[in-house]
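As provided, protein14.cif (mmCIF, C-alpha atoms) reads as follows.
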```cif
data_structure
loop_
_atom_site.label_atom_id
_atom_site.label_comp_id
_atom_site.auth_asym_id
_atom_site.auth_seq_id
_atom_site.Cartn_x
_atom_site.Cartn_y
_atom_site.Cartn_z
CA MET F 147 58.52 11.34 27.45
CA PHE F 148 55.71 13.37 25.88
CA PRO F 149 53.39 15.36 28.15
CA GLY F 150 50.58 13.21 29.44
CA ALA F 151 52.46 9.98 28.62
CA THR F 152 52.84 7.28 31.24
CA ASP F 153 55.03 4.30 31.77
CA CYS F 154 52.11 2.30 33.26
CA PRO F 155 51.81 -0.85 31.07
CA SER F 156 48.14 -1.49 31.94
CA CYS F 157 46.90 2.07 31.58
CA GLY F 158 46.00 1.59 27.89
CA ALA F 159 43.69 -1.26 28.74
CA LEU F 160 42.16 0.77 31.57
CA VAL F 161 41.50 3.72 29.27
CA ALA F 162 39.89 1.42 26.65
CA ALA F 163 37.73 -0.15 29.31
CA GLN F 164 36.71 3.27 30.57
CA ARG F 165 35.72 4.26 27.01
CA ASN F 166 33.60 1.12 26.65
CA ASP F 167 31.93 1.87 29.99
CA ASP F 168 31.23 5.43 28.84
CA SER F 169 29.68 4.18 25.59
CA THR F 170 27.56 1.67 27.39
CA SER F 171 26.45 4.28 29.89
CA PHE F 172 25.53 6.69 27.06
CA GLY F 173 23.36 4.03 25.32
CA ALA F 174 21.71 3.14 28.60
CA VAL F 175 21.03 6.78 29.40
CA ALA F 176 19.56 7.33 25.89
CA LEU F 177 17.23 4.36 26.30
CA GLN F 178 16.33 5.54 29.79
CA ARG F 179 15.39 8.96 28.44
CA LEU F 180 13.30 7.43 25.66
CA GLY F 181 11.45 5.36 28.17
CA LYS F 182 9.79 2.01 27.55
CA ARG F 183 7.17 3.41 25.18
CA GLY F 184 9.72 5.43 23.20
CA THR F 185 12.02 2.44 22.90
CA VAL F 186 9.18 0.30 21.55
CA LYS F 187 8.32 3.00 19.00
CA LEU F 188 11.95 3.24 17.92
CA VAL F 189 12.23 -0.51 17.45
CA LEU F 190 8.93 -0.67 15.54
CA GLY F 191 10.03 2.21 13.30
CA VAL F 192 13.28 0.46 12.44
CA LEU F 193 11.45 -2.80 11.75
CA ALA F 194 8.94 -0.97 9.52
CA LEU F 195 11.74 0.59 7.48
CA VAL F 196 13.49 -2.75 7.11
CA GLY F 197 10.21 -4.44 6.19
CA ALA F 198 9.34 -1.80 3.60
CA TRP F 199 12.77 -2.13 2.01
CA PHE F 200 12.47 -5.92 1.98
CA LEU F 201 8.99 -5.85 0.42
CA PHE F 202 10.00 -3.28 -2.19
CA HIS F 203 13.22 -5.06 -3.09
CA TYR F 204 11.64 -8.49 -3.37
CA GLY F 205 8.49 -7.10 -4.96
CA GLN F 206 10.40 -6.21 -8.11
CA VAL F 207 9.73 -8.44 -11.10
CA THR F 208 12.12 -8.48 -14.07
CA THR F 209 10.93 -9.83 -17.41
CA GLU F 210 13.40 -10.60 -20.20
CA TRP F 211 12.64 -11.64 -23.75
CA GLU F 212 13.98 -11.78 -27.27
CA GLU F 213 12.16 -9.86 -29.96
CA GLY F 214 12.31 -9.62 -33.73
CA VAL F 215 12.03 -6.06 -35.07
CA ARG F 216 10.97 -5.36 -38.66
CA LEU F 217 12.92 -2.31 -39.92
CA HIS F 218 11.69 0.15 -42.57
CA ASN F 219 13.70 -1.64 -45.28
CA GLY F 220 12.07 -5.01 -44.52
CA ARG F 221 15.10 -6.44 -42.72
CA ASP F 222 14.59 -8.07 -39.32
CA LEU F 223 16.73 -7.08 -36.35
CA ASP F 224 16.97 -9.37 -33.32
CA ILE F 225 17.04 -7.56 -29.99
CA LYS F 226 17.02 -8.49 -26.31
CA ARG F 227 14.79 -6.58 -23.91
CA SER F 228 14.41 -6.33 -20.17
CA VAL F 229 11.77 -4.61 -18.03
CA THR F 230 11.69 -4.34 -14.21
CA ILE F 231 8.41 -3.44 -12.53
CA GLY F 232 8.07 -2.75 -8.81
CA PRO F 233 5.31 -3.58 -6.34
CA ASP F 234 2.08 -1.60 -6.13
CA GLU F 235 0.79 0.24 -3.05
CA PHE F 236 -0.30 -3.11 -1.58
CA PHE F 237 3.23 -4.52 -2.14
CA ARG F 238 1.99 -6.99 -4.73
CA PRO F 239 5.03 -7.93 -6.83
CA GLY F 240 5.32 -6.60 -10.36
CA ARG F 241 2.11 -4.53 -10.33
CA GLY F 242 3.51 -1.07 -9.74
CA ALA F 243 5.69 1.43 -11.57
CA LEU F 244 8.21 0.59 -14.25
CA LEU F 245 11.59 0.95 -12.53
CA GLU F 246 14.03 0.31 -15.36
CA GLN F 247 14.18 -1.07 -18.88
CA SER F 248 16.76 -1.83 -21.52
CA LEU F 249 17.17 -3.18 -25.02
CA SER F 250 20.31 -4.33 -26.82
CA PHE F 251 21.18 -5.52 -30.32
CA TRP F 252 24.03 -6.04 -32.77
CA HIS F 253 24.47 -3.98 -35.93
CA ASN F 254 27.53 -4.02 -38.21
CA ARG F 255 29.46 -6.07 -35.64
CA ARG F 256 28.79 -3.51 -32.92
CA ARG F 257 26.65 -4.00 -29.85
CA PHE F 258 24.23 -1.21 -28.92
CA THR F 259 22.42 -0.92 -25.58
CA TRP F 260 19.76 1.55 -24.51
CA LYS F 261 18.81 1.81 -20.84
CA ASN F 262 16.30 3.91 -18.97
CA ASP F 263 15.62 4.03 -15.23
CA ASP F 264 13.20 6.97 -15.01
CA LYS F 265 10.46 6.27 -12.48
CA TRP F 266 7.38 8.18 -13.59
CA GLY F 267 4.60 5.94 -12.30
CA VAL F 268 3.42 5.25 -15.88
CA HIS F 269 4.88 2.57 -18.14
CA TYR F 270 6.64 4.62 -20.82
CA MET F 271 8.12 2.14 -23.29
CA PRO F 272 9.72 2.85 -26.69
CA ALA F 273 7.57 2.40 -29.77
CA VAL F 274 10.03 2.50 -32.67
CA LEU F 275 13.55 1.18 -33.27
CA ASP F 276 15.10 1.58 -36.70
CA ILE F 277 18.35 2.23 -38.55
CA ILE F 278 18.60 5.43 -40.61
CA ASP F 279 21.85 6.39 -42.38
CA ASP F 280 23.56 3.58 -40.48
CA GLU F 281 22.60 5.17 -37.13
CA PRO F 282 20.13 3.54 -34.70
CA ILE F 283 17.00 5.62 -33.99
CA LEU F 284 14.70 5.07 -30.99
CA VAL F 285 11.33 6.79 -30.47
CA LEU F 286 9.69 7.00 -27.03
CA PRO F 287 6.13 8.42 -26.69
CA ILE F 288 5.79 10.62 -23.59
CA TYR F 289 3.20 12.68 -21.74
CA GLY F 290 2.76 14.08 -18.24
CA HIS F 291 4.71 16.76 -16.38
CA GLY F 292 7.81 14.75 -15.45
CA PRO F 293 8.72 13.26 -18.84
CA CYS F 294 7.67 16.38 -20.77
CA SER F 295 9.86 18.57 -18.58
CA LYS F 296 12.84 16.25 -18.96
CA TYR F 297 12.65 16.25 -22.77
CA GLY F 298 11.77 19.91 -23.27
CA TYR F 299 8.01 19.59 -23.90
CA PRO F 300 8.12 18.18 -27.46
CA GLN F 301 4.91 19.28 -29.15
CA ASP F 302 4.52 15.97 -30.98
CA GLY F 303 4.75 13.98 -27.73
CA LEU F 304 7.72 11.95 -28.96
CA ALA F 305 11.22 11.80 -27.49
CA ALA F 306 13.65 10.61 -30.19
CA PHE F 307 17.15 9.24 -29.60
CA ARG F 308 19.94 8.78 -32.12
CA TYR F 309 23.09 6.76 -31.40
CA ARG F 310 26.01 8.92 -32.41
CA LYS F 311 29.66 9.15 -31.34
CA GLY F 312 29.34 6.30 -28.87
CA LYS F 313 26.21 7.41 -27.02
CA TRP F 314 22.47 7.95 -27.31
CA GLU F 315 21.58 11.59 -27.90
CA VAL F 316 18.15 13.21 -27.75
CA THR F 317 17.42 14.45 -31.25
CA GLU F 318 14.69 16.16 -33.24
CA LEU F 319 12.77 13.53 -35.16
CA GLY F 320 11.37 16.07 -37.63
CA SER F 321 10.31 14.48 -40.90
CA PRO F 322 12.40 11.33 -41.24
CA SER F 323 13.63 10.39 -44.69
CA VAL F 324 11.94 6.98 -44.40
CA ALA F 325 8.46 5.90 -43.32
CA LEU F 326 8.72 4.83 -39.68
CA THR F 327 6.05 2.75 -37.98
CA VAL F 328 5.56 1.30 -34.51
CA ASN F 329 7.60 -1.92 -34.54
CA LEU F 330 8.34 -2.59 -30.86
CA LEU F 331 6.25 -4.46 -28.32
CA ARG F 332 4.66 -1.76 -26.10
CA SER F 333 3.89 -3.90 -23.05
CA SER F 334 5.50 -6.83 -21.28
CA HIS F 335 2.20 -8.05 -19.82
CA GLN F 336 1.58 -10.95 -22.19
CA VAL F 337 5.22 -11.99 -22.16
CA ARG F 338 4.91 -12.38 -18.40
CA HIS F 339 1.47 -13.93 -18.16
CA SER F 340 0.49 -15.64 -21.41
CA PRO F 341 1.76 -19.22 -21.90
CA SER F 342 1.69 -18.58 -25.67
CA TYR F 343 4.51 -16.04 -25.44
CA LYS F 344 6.57 -17.12 -22.44
CA ASP F 345 10.14 -18.32 -22.94
CA ARG F 346 10.26 -17.76 -26.68
CA LYS F 347 11.21 -15.10 -29.17
CA ILE F 348 8.49 -12.58 -30.01
CA GLU F 349 8.27 -12.37 -33.79
CA PRO F 350 6.93 -9.35 -35.73
CA ALA F 351 3.81 -11.33 -36.65
CA ASP F 352 3.08 -11.98 -32.95
CA LYS F 353 2.75 -8.28 -32.20
CA TRP F 354 -0.36 -7.86 -34.33
CA ALA F 355 -2.19 -10.22 -31.97
CA MET F 356 -0.52 -9.03 -28.78
CA GLU F 357 -1.11 -5.29 -29.24
CA GLY F 358 -4.86 -5.41 -29.82
CA VAL F 359 -6.60 -2.43 -31.41
CA GLY F 360 -5.55 0.45 -29.12
CA GLU F 361 -3.90 3.70 -30.15
CA GLY F 362 -0.20 3.36 -30.99
CA ARG F 363 -0.54 -0.36 -31.76
CA TYR F 364 1.90 -2.26 -33.91
CA GLY F 365 2.14 -0.88 -37.44
CA THR F 366 0.90 2.64 -36.59
CA SER F 367 2.75 5.35 -38.51
CA VAL F 368 4.93 7.76 -36.55
CA GLY F 369 2.78 10.61 -37.87
CA ARG F 370 -0.39 9.08 -36.44
CA LEU F 371 1.46 8.26 -33.22
CA ALA F 372 2.53 11.91 -32.88
CA GLN F 373 -1.02 13.10 -33.56
CA TYR F 374 -2.39 10.92 -30.78
CA TYR F 375 0.24 11.84 -28.17
CA SER F 376 0.00 15.55 -28.99
CA GLU F 377 -3.77 15.62 -28.40
CA ILE F 378 -4.27 13.61 -25.19
CA SER F 379 -5.23 15.71 -22.17
CA ASP F 380 -1.81 15.71 -20.45
CA SER F 381 0.29 15.86 -23.62
CA CYS F 382 3.39 18.03 -23.67
CA ALA F 383 1.67 20.31 -26.19
CA ASN F 384 -1.23 20.86 -23.79
CA LEU F 385 0.90 21.24 -20.68
CA ARG F 386 3.14 23.85 -22.32
CA PRO F 387 2.00 24.72 -25.84
CA THR F 388 4.26 26.51 -28.27
CA LEU F 389 2.09 29.33 -29.50
CA GLY F 390 2.43 31.02 -32.87
CA PRO F 391 1.54 34.70 -33.39
CA ASP F 392 -2.07 33.91 -34.32
CA MET F 393 -2.61 31.74 -31.26
CA GLU F 394 -1.04 34.30 -28.96
CA LEU F 395 -3.31 37.00 -30.36
CA ALA F 396 -6.35 34.74 -29.88
CA ARG F 397 -5.33 34.17 -26.26
CA GLN F 398 -5.13 37.90 -25.64
CA ARG F 399 -8.55 38.44 -27.21
CA SER F 400 -10.07 35.70 -25.05
CA ALA F 401 -8.68 37.24 -21.86
CA GLU F 402 -9.78 40.75 -22.91
CA ALA F 403 -13.29 39.52 -23.72
CA GLU F 404 -13.62 38.13 -20.21
CA THR F 405 -12.23 41.26 -18.57
CA GLN F 406 -14.63 43.45 -20.56
CA ALA F 407 -17.61 41.08 -20.27
CA GLU F 408 -21.01 42.65 -19.69
CA SER F 409 -22.69 41.45 -16.47
CA VAL F 410 -26.30 40.29 -16.51
CA ARG F 411 -28.40 39.09 -13.59
CA ALA F 412 -30.31 35.86 -13.99
CA ARG F 413 -33.88 35.51 -12.67
CA LEU F 414 -34.54 32.77 -10.14
CA ALA F 415 -37.57 31.07 -11.69
CA SER F 416 -38.01 28.26 -9.16
CA MET F 417 -36.47 26.47 -6.19
CA ASN F 418 -37.41 22.80 -5.80
CA SER F 419 -36.52 21.11 -2.50
CA SER F 420 -38.15 17.75 -3.23
CA ALA F 421 -35.58 14.93 -3.34
CA THR F 422 -35.50 13.30 -6.77
CA ALA F 423 -33.54 10.22 -7.75
CA TYR F 424 -31.69 10.21 -11.06
CA SER F 425 -30.08 7.38 -13.03
CA ARG F 426 -26.92 7.22 -15.07
CA ASN F 427 -28.91 7.53 -18.30
CA GLN F 428 -30.76 10.58 -16.99
CA PHE F 429 -27.46 12.15 -15.96
CA ILE F 430 -26.05 11.80 -19.49
CA ALA F 431 -29.30 12.86 -21.17
CA GLU F 432 -29.67 16.06 -19.12
CA ARG F 433 -26.06 17.04 -18.51
CA GLY F 434 -24.32 15.63 -21.60
CA GLY F 435 -21.18 13.52 -21.96
CA TRP F 436 -17.80 14.07 -20.35
CA SER F 437 -15.02 15.06 -22.74
CA GLY F 438 -11.65 16.38 -21.64
CA SER F 439 -12.20 18.85 -18.80
CA GLY F 440 -15.99 19.23 -18.78
CA ILE F 441 -19.49 18.30 -19.90
CA TYR F 442 -20.59 18.61 -23.54
CA SER F 443 -24.21 18.78 -24.59
CA GLY F 444 -25.33 16.42 -27.32
CA ALA F 445 -25.91 19.37 -29.66
CA CYS F 446 -22.12 19.98 -29.69
CA LYS F 447 -21.39 16.72 -31.53
CA GLY F 448 -19.51 17.52 -34.73
CA ILE F 449 -18.80 21.10 -33.55
CA VAL F 450 -16.54 20.87 -30.50
CA GLU F 451 -14.71 17.66 -29.72
CA ARG F 452 -13.25 18.30 -26.27
CA THR F 453 -11.37 20.66 -23.98
CA LEU F 454 -7.68 20.59 -23.14
CA ASP F 455 -6.44 21.91 -19.80
CA VAL F 456 -3.38 24.10 -20.48
CA SER F 457 -1.33 26.60 -18.52
CA GLY F 458 -3.33 29.78 -17.97
CA GLY F 459 -6.64 28.44 -19.25
CA TYR F 460 -8.03 25.91 -21.70
CA HIS F 461 -8.06 25.03 -25.39
CA LEU F 462 -11.26 24.03 -27.17
CA LEU F 463 -10.87 21.62 -30.06
CA PHE F 464 -13.32 22.73 -32.75
CA ILE F 465 -13.95 20.42 -35.71
CA ASP F 466 -13.56 22.17 -39.04
CA GLY F 467 -15.49 21.37 -42.21
CA HIS F 468 -12.79 18.95 -43.39
CA GLY F 469 -12.70 16.87 -40.21
CA GLY F 470 -9.56 18.56 -38.91
CA ARG F 471 -9.10 20.09 -35.45
CA LYS F 472 -8.74 23.77 -34.64
CA ARG F 473 -7.41 24.86 -31.25
CA VAL F 474 -9.25 27.84 -29.80
CA PRO F 475 -7.89 29.34 -26.56
CA LEU F 476 -10.13 30.04 -23.60
CA GLN F 477 -7.83 32.18 -21.50
CA HIS F 478 -8.32 33.26 -17.89
CA GLY F 479 -9.04 36.96 -17.60
CA ASP F 480 -8.65 38.87 -14.33
CA ARG F 481 -8.90 35.67 -12.27
CA PRO F 482 -9.02 31.90 -12.85
CA ALA F 483 -12.36 30.21 -13.48
CA GLN F 484 -13.28 26.52 -13.33
CA PHE F 485 -14.32 25.01 -16.64
CA GLN F 486 -17.83 23.52 -16.58
CA GLY F 487 -18.63 22.53 -20.15
CA VAL F 488 -19.83 23.55 -23.60
CA VAL F 489 -23.42 23.87 -24.86
CA CYS F 490 -24.38 24.43 -28.49
CA ASN F 491 -27.32 25.44 -30.60
CA ALA F 492 -27.94 25.95 -34.31
CA SER F 493 -25.38 28.73 -34.69
CA ARG F 494 -23.38 29.09 -31.47
CA ALA F 495 -21.10 27.23 -29.08
CA LEU F 496 -21.02 28.55 -25.52
CA ALA F 497 -18.10 27.71 -23.25
CA ILE F 498 -19.14 27.89 -19.59
CA ARG F 499 -16.78 28.52 -16.69
CA ARG F 500 -17.44 29.36 -13.06
CA HIS F 501 -15.65 32.01 -11.01
CA ASP F 502 -17.40 31.24 -7.73
CA ARG F 503 -20.71 30.07 -6.29
CA THR F 504 -22.73 32.90 -7.87
CA THR F 505 -20.82 33.88 -11.03
CA LEU F 506 -20.59 32.20 -14.44
CA ILE F 507 -18.48 33.45 -17.35
CA VAL F 508 -19.75 32.49 -20.81
CA HIS F 509 -17.66 32.83 -23.99
CA ARG F 510 -19.75 32.83 -27.17
CA PHE F 511 -18.27 31.35 -30.36
CA ASP F 512 -19.67 30.71 -33.80
CA ARG F 513 -19.65 27.09 -34.95
CA GLY F 514 -16.25 27.58 -36.60
CA GLY F 515 -14.56 28.68 -33.38
CA ARG F 516 -14.55 32.47 -33.93
CA LEU F 517 -14.84 34.31 -30.62
CA ILE F 518 -17.85 36.66 -30.49
CA ASP F 519 -17.81 37.98 -26.91
CA ALA F 520 -18.04 37.00 -23.24
CA VAL F 521 -20.90 37.49 -20.79
CA ARG F 522 -20.78 37.40 -16.99
CA ILE F 523 -23.93 35.86 -15.44
CA LEU F 524 -24.83 36.45 -11.77
CA LEU F 525 -26.93 33.77 -10.01
CA PRO F 526 -28.91 35.29 -7.11
CA ASP F 527 -29.61 33.22 -3.99
CA ALA F 528 -27.25 30.44 -5.15
CA GLU F 529 -26.30 29.91 -1.50
CA GLN F 530 -29.81 28.54 -0.92
CA VAL F 531 -28.95 25.55 -3.10
CA SER F 532 -25.84 24.62 -1.18
CA ALA F 533 -24.91 26.74 1.83
CA ASP F 534 -21.70 24.96 2.80
CA ALA F 535 -18.32 25.08 1.03
CA ASP F 536 -19.81 23.16 -1.90
CA TRP F 537 -20.88 25.54 -4.67
CA GLY F 538 -23.51 23.15 -5.91
CA THR F 539 -23.47 21.40 -9.28
CA LEU F 540 -24.19 23.23 -12.51
CA TRP F 541 -26.69 20.60 -13.59
CA SER F 542 -27.57 21.86 -17.07
CA ILE F 543 -27.72 24.88 -19.37
CA ASP F 544 -30.35 24.96 -22.09
CA ALA F 545 -29.18 27.14 -24.99
CA ALA F 546 -31.86 26.17 -27.52
CA GLU F 547 -32.86 29.82 -27.83
CA GLU F 548 -29.89 31.90 -28.99
CA SER F 549 -30.70 34.94 -26.83
CA ARG F 550 -31.90 33.11 -23.71
CA LEU F 551 -30.46 30.53 -21.33
CA VAL F 552 -32.15 28.27 -18.80
CA ILE F 553 -29.67 27.32 -16.06
CA LYS F 554 -30.18 24.63 -13.42
CA LEU F 555 -28.09 24.57 -10.27
CA ALA F 556 -28.41 21.53 -8.01
CA ARG F 557 -27.27 19.99 -4.76
CA ILE F 558 -26.77 16.31 -5.41
CA ARG F 559 -25.88 13.30 -3.30
CA TYR F 560 -24.27 10.16 -4.72
CA GLN F 561 -22.33 7.10 -3.58
CA GLN F 562 -19.16 7.08 -5.70
CA LEU F 563 -19.44 9.03 -8.96
CA ALA F 564 -22.11 11.59 -9.77
CA SER F 565 -22.43 10.07 -13.25
CA ASP F 566 -23.42 6.69 -11.77
CA GLY F 567 -26.69 8.03 -10.39
CA GLY F 568 -27.83 9.57 -7.12
CA THR F 569 -30.32 12.01 -5.64
CA ILE F 570 -31.02 15.65 -6.47
CA GLU F 571 -31.77 17.16 -3.06
CA ARG F 572 -32.44 20.71 -4.24
CA MET F 573 -32.70 22.35 -7.66
CA ALA F 574 -32.72 26.04 -8.58
CA THR F 575 -33.82 27.03 -12.09
CA TYR F 576 -32.67 30.35 -13.52
CA GLU F 577 -33.57 32.20 -16.70
CA VAL F 578 -31.36 34.86 -18.26
CA ALA F 579 -31.60 36.99 -21.39
CA LEU F 580 -28.25 37.38 -23.12
CA PRO F 581 -27.16 40.82 -24.33
CA ALA F 582 -27.08 41.53 -28.04
CA GLU F 583 -23.94 40.37 -29.79
CA PRO F 584 -21.47 43.01 -31.00
CA PRO F 585 -21.27 43.61 -34.76
CA VAL F 586 -18.86 41.35 -36.65
CA GLY F 587 -15.39 42.89 -36.78
CA ARG F 588 -15.49 44.57 -33.40
#
```

Can you give me the file's structure in the form of structure tokens?
Amino acid sequence: MFPGATDCPSCGALVAAQRNDDSTSFGAVALQRLGKRGTVKLVLGVLALVGAWFLFHYGQVTTEWEEGVRLHNGRDLDIKRSVTIGPDEFFRPGRGALLEQSLSFWHNRRRFTWKNDDKWGVHYMPAVLDIIDDEPILVLPIYGHGPCSKYGYPQDGLAAFRYRKGKWEVTELGSPSVALTVNLLRSSHQVRHSPSYKDRKIEPADKWAMEGVGEGRYGTSVGRLAQYYSEISDSCANLRPTLGPDMELARQRSAEAETQAESVRARLASMNSSATAYSRNQFIAERGGWSGSGIYSGACKGIVERTLDVSGGYHLLFIDGHGGRKRVPLQHGDRPAQFQGVVCNASRALAIRRHDRTTLIVHRFDRGGRLIDAVRILLPDAEQVSADADWGTLWSIDAAEESRLVIKLARIRYQQLASDGGTIERMATYEVALPAEPPVGR
């Protein structure tokens, strides 16, 4: 008989019973230690987790439809599509993020299926499906940090897939040998909600009516699609631009100009503490319109289109004489500065950024985007406008005179958005004479 063995026939049952008693005692002791309040919290926590899972699982809405796709050669390809959308933050079914999508079709007696289950919070759906050199091609417009990082920050904002050797591979779209256009339905909304399109095949002709007049609508060329997705504020090209030698040199010059900027002290001309209401129209008239990352004065129309927030600084989009766009870097120098806006006059465009409560950095450009220099402007007694953590709002900069600026710094109060109207509680007006510009070529 082995050590510890026994010939007692009922000992096994006794040992099992003892183990059950021990387990029961352990659970009871654990609950005792938690106490009544702790036990209630534990039970409520478990119920909350189960409830959240239930609401999320049953808040998913899957939409399936058949769609006719017009290929570049005029032939129609019938495909089947599926989109699953989750609940929103209020657990309303089908109003949240796109959870997964797929499309499938037959070509040359072979069945092809593309699936995607990336969860980015934005509804990224493919725009183009075509057949080139007997290989299926799929084009997916992307933007934002997650998708751009996954696909290597394509500068044209398009992730292209080619079906080759039994699988979909990410490929360079380049300049395709055929003219590709948007031919896929970009949203499942009307399929889900419009009686006109429910439970029937979506034909190519339907998409003209369903897509409306937005960017990337049905029939848009891939070239125009790439232009749009490469220029939006959070495009891959803006998040991580690929810089050529000229652009890299311009970035260095921008940073050096800021580091070497001459400092000038503004004169506090007045301090008005009388509360003054302002309307939305007054806000736009005095401050200018919002474009990209800041405010643009009306005088900048046709000169600078908008600002793009990029790593290490900003890019200004200047409009050239032919209607094209020229990227001009506005690089951080010795420390980051918050972009405020652009003001223009007859010959100059001034990009305004703010280091802190009392310091502005101004880059001067000619109307073609050539950097002239940078000036650092000190605002005395700015803490009198807003003494707390708020720096105050740079209300306006008048650059009508090329060598002189009138700067208004305000403390404002508003309900929701400053642009909707509110009250100016205090306003400081500064005047500053700009230093002479360096000779051209320096």

Next on the checklist: Report as a PyMOL selection string all protein, DNA and RNA residues lying within 12 Å of stretch 259-271 of chain F, evaluated on all atoms listed in the file, omitting residues in the same chain fewer than 5 positions from it.
Outcome noted: chain F and resi 225-235+241-253+282-296+303-305+307-309+312-315+328-335+362

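Running the PyMOL selection byres ((chain F and resi 380) around 8) on this file leaves Tyr289, Gly290, His291, Ile378, Ser379, Ser381, Cys382, Asn384, Leu385 and Asp455 of chain F selected.
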
Restricting it to C-alpha atoms, dump the selection as a PDB file, keeping the file's coordinate frame.
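The result, stored in part19.pdb:
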```
ATOM      1  CA  TYR F 289       3.200  12.680 -21.740  1.00  0.00           C
ATOM      2  CA  GLY F 290       2.760  14.080 -18.240  1.00  0.00           C
ATOM      3  CA  HIS F 291       4.710  16.760 -16.380  1.00  0.00           C
ATOM      4  CA  ILE F 378      -4.270  13.610 -25.190  1.00  0.00           C
ATOM      5  CA  SER F 379      -5.230  15.710 -22.170  1.00  0.00           C
ATOM      6  CA  SER F 381       0.290  15.860 -23.620  1.00  0.00           C
ATOM      7  CA  CYS F 382       3.390  18.030 -23.670  1.00  0.00           C
ATOM      8  CA  ASN F 384      -1.230  20.860 -23.790  1.00  0.00           C
ATOM      9  CA  LEU F 385       0.900  21.240 -20.680  1.00  0.00           C
ATOM     10  CA  ASP F 455      -6.440  21.910 -19.800  1.00  0.00           C
TER      11      ASP F 455
END
```

Item to check | Atomic distance atom CA of F:Gly567 - atom CA of F:Gly448, expressed in Å with one decimal | outcome: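 Pair atom CA of F:Gly567 / atom CA of F:Gly448 returns 27.1 Å.
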
Next on the checklist: Show me, as an NGL selection string, the residues that have an atom within 12 Å of F:Gln428 when counting all atoms listed in the file, minus same-chain residues fewer than 2 positions from it.
Outcome noted: :F and (422-426 or 430-435 or 541-542 or 564-570)

Item to check | Near-F:Glu349 list (8 Å; only C-alpha atoms; drop same-chain fewer than 5 positions) as a PyMOL selection string | outcome: chain F and resi 213-215

Shell of 10 Å around F:Lys344, all atoms listed in the file, local chain residues under 4 positions omitted, as a PDB file with C-alpha atoms, in the frame of the given file:
```pdb
ATOM      1  CA  THR F 209      10.930  -9.830 -17.410  1.00  0.00           C
ATOM      2  CA  GLU F 210      13.400 -10.600 -20.200  1.00  0.00           C
ATOM      3  CA  TRP F 211      12.640 -11.640 -23.750  1.00  0.00           C
ATOM      4  CA  GLN F 336       1.580 -10.950 -22.190  1.00  0.00           C
ATOM      5  CA  VAL F 337       5.220 -11.990 -22.160  1.00  0.00           C
ATOM      6  CA  ARG F 338       4.910 -12.380 -18.400  1.00  0.00           C
ATOM      7  CA  HIS F 339       1.470 -13.930 -18.160  1.00  0.00           C
ATOM      8  CA  SER F 340       0.490 -15.640 -21.410  1.00  0.00           C
ATOM      9  CA  ILE F 348       8.490 -12.580 -30.010  1.00  0.00           C
TER      10      ILE F 348
END
```

Next on the checklist: List the spatial neighbours of F:Thr505 as a list in words - criterion: any atom at most 7 Å away, all atoms listed in the file, same-chain residues fewer than 3 positions off excluded.
Outcome noted: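 In the requested form, the answer reads Arg500, His501, Asp502, Arg522, Ile523, Leu524 and Leu525 of chain F.
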
Item to check | F:Arg559, F:Gly444, F:Arg494, F:Gly220 ranked by distance to F:Glu547, top pick (using all atoms listed in the file) | outcome: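 Among the listed residues, F:Arg494 lies closest to F:Glu547.
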